[in-house]
Amino acid sequence: MAGRKKPTAPDARQALLQPLAGYRHKTMDVPTSSAQVIVREPSGDDWLMWQARLQAVAGEEVSEENAEAVAERIECHDDHTPEAAMLVRVLIDPKTYDRLFSDDDVDLVAANWGPVYGRYLNAAFELAGITGAAPVADAKKN
């Protein structure tokens, strides 16, 4: 019986020019549907947008020293705008590799926030190496 032929390695240049080649990412299911989305790690611009939305909701600049208090205040108001600002930037259509949402969709996503969105956002944070409960402080380390 002849041995299986080992697949040839893809051309490194072509592999690095593929959509999402510069990002860690993973495919996740959309519950109650056969659809899937790609969740990618946030870019530097994504972190800046998230920080700006966080500061707008907090009404003050967020630092490592006040991050916990700001997070509690935002949670009390049940405002998911900062999370939605990040989420709309990291959800990718697996067929086209385009973003599923634009920055204009932040308020819509925040208004419809649910646990599934939180799972996608947590996956993006994990891909970025942030697994703690203090993403503001952890993001500064990246």
# chains A, B, ... in the order shown; residues from 1 in each chain; ligands from 1

$ select_by_dssp --residues "region 27-142 of chain A" --states "helix (DSSP H, G or I)" --output "ChimeraX atom specification"
/A:44-58,67-76,81-90,103-111,115-127,135-141

$ residues_around --residues "region 12-25 of chain A" --least-positions-apart "4" --cutoff "8 Å" --atoms "only C-alpha atoms" --output "list in words"
Ile38, Val39, Arg40, Glu41, Tyr97, Ala124, Leu127 and Ala128 of chain A

$ closest_residue --among "A:Val62, A:Ala35, A:Ala110, A:Val30" --to "Met86 (chain A)" --atoms "only C-alpha atoms"
A:Ala110

$ atom_distance --atom1 "CA of Glu126 (chain A)" --atom2 "CA of Asn66 (chain A)"
22.7 Å

$ closest_residue --among "A:Val70, A:Arg89, A:Met28, A:Ser33" --to "Asp45 (chain A)" --atoms "only C-alpha atoms"
A:Arg89

$ residues_around --residues "Met49 (chain A)" --least-positions-apart "3" --cutoff "9 Å" --atoms "only C-alpha atoms" --output "list in words"
Gly44, Asp45, Asp46, Ala52, Arg53, Leu54, Pro82, Ala85 and Met86 of chain A

$ write_last_selection --atoms "all heavy atoms" --output "short mmCIF file (atom, residue, chain, number, x, y, z; two decimals), in the first residue's frame"
data_model
loop_
_atom_site.label_atom_id
_atom_site.label_comp_id
_atom_site.auth_asym_id
_atom_site.auth_seq_id
_atom_site.Cartn_x
_atom_site.Cartn_y
_atom_site.Cartn_z
N GLY A 44 -5.18 47.87 16.86
CA GLY A 44 -4.89 49.07 17.64
C GLY A 44 -5.99 50.11 17.47
O GLY A 44 -6.41 50.75 18.44
N ASP A 45 -6.48 50.29 16.25
CA ASP A 45 -7.57 51.24 16.02
C ASP A 45 -8.85 50.82 16.73
O ASP A 45 -9.61 51.67 17.21
CB ASP A 45 -7.85 51.40 14.52
CG ASP A 45 -6.78 52.20 13.81
OD1 ASP A 45 -6.02 52.93 14.47
OD2 ASP A 45 -6.73 52.09 12.56
N ASP A 46 -9.10 49.51 16.80
CA ASP A 46 -10.28 49.02 17.51
C ASP A 46 -10.20 49.38 18.99
O ASP A 46 -11.19 49.80 19.58
CB ASP A 46 -10.40 47.50 17.36
CG ASP A 46 -10.56 47.05 15.93
OD1 ASP A 46 -11.02 47.83 15.08
OD2 ASP A 46 -10.20 45.88 15.65
N ALA A 52 -12.39 55.36 23.41
CA ALA A 52 -13.13 56.62 23.23
C ALA A 52 -14.58 56.45 23.67
O ALA A 52 -15.14 57.33 24.35
CB ALA A 52 -13.04 57.08 21.78
N ARG A 53 -15.21 55.35 23.29
CA ARG A 53 -16.60 55.11 23.69
C ARG A 53 -16.71 54.90 25.19
O ARG A 53 -17.65 55.35 25.83
CB ARG A 53 -17.18 53.89 22.95
CG ARG A 53 -17.43 54.11 21.50
CD ARG A 53 -18.58 55.10 21.27
NE ARG A 53 -18.86 55.21 19.87
CZ ARG A 53 -20.07 55.10 19.35
NH1 ARG A 53 -21.12 54.93 20.11
NH2 ARG A 53 -20.23 55.20 18.06
N LEU A 54 -15.74 54.21 25.76
CA LEU A 54 -15.73 53.97 27.20
C LEU A 54 -15.63 55.30 27.94
O LEU A 54 -16.36 55.55 28.90
CB LEU A 54 -14.56 53.05 27.56
CG LEU A 54 -14.48 52.54 28.97
CD1 LEU A 54 -15.67 51.65 29.29
CD2 LEU A 54 -13.18 51.76 29.17
N PRO A 82 -19.80 50.77 24.92
CA PRO A 82 -18.38 50.46 24.69
C PRO A 82 -18.17 49.05 24.13
O PRO A 82 -17.37 48.87 23.21
CB PRO A 82 -17.76 50.60 26.08
CG PRO A 82 -18.68 51.50 26.82
CD PRO A 82 -20.04 51.18 26.30
N ALA A 85 -19.17 48.99 20.52
CA ALA A 85 -18.18 49.67 19.68
C ALA A 85 -17.04 48.74 19.30
O ALA A 85 -16.51 48.81 18.18
CB ALA A 85 -17.64 50.91 20.39
N MET A 86 -16.66 47.86 20.20
CA MET A 86 -15.61 46.89 19.90
C MET A 86 -16.17 45.75 19.05
O MET A 86 -15.57 45.34 18.06
CB MET A 86 -15.01 46.33 21.19
CG MET A 86 -13.93 45.29 20.97
SD MET A 86 -12.46 45.89 20.16
CE MET A 86 -11.58 46.57 21.56
#

$ atom_distance --atom1 "CA of Asp79 (chain A)" --atom2 "CA of Gly129 (chain A)"
24.5 Å

$ closest_residue --among "A:Arg119, A:Leu100, A:Gln51, A:Asp105" --to "Pro31 (chain A)" --atoms "only C-alpha atoms"
A:Arg119
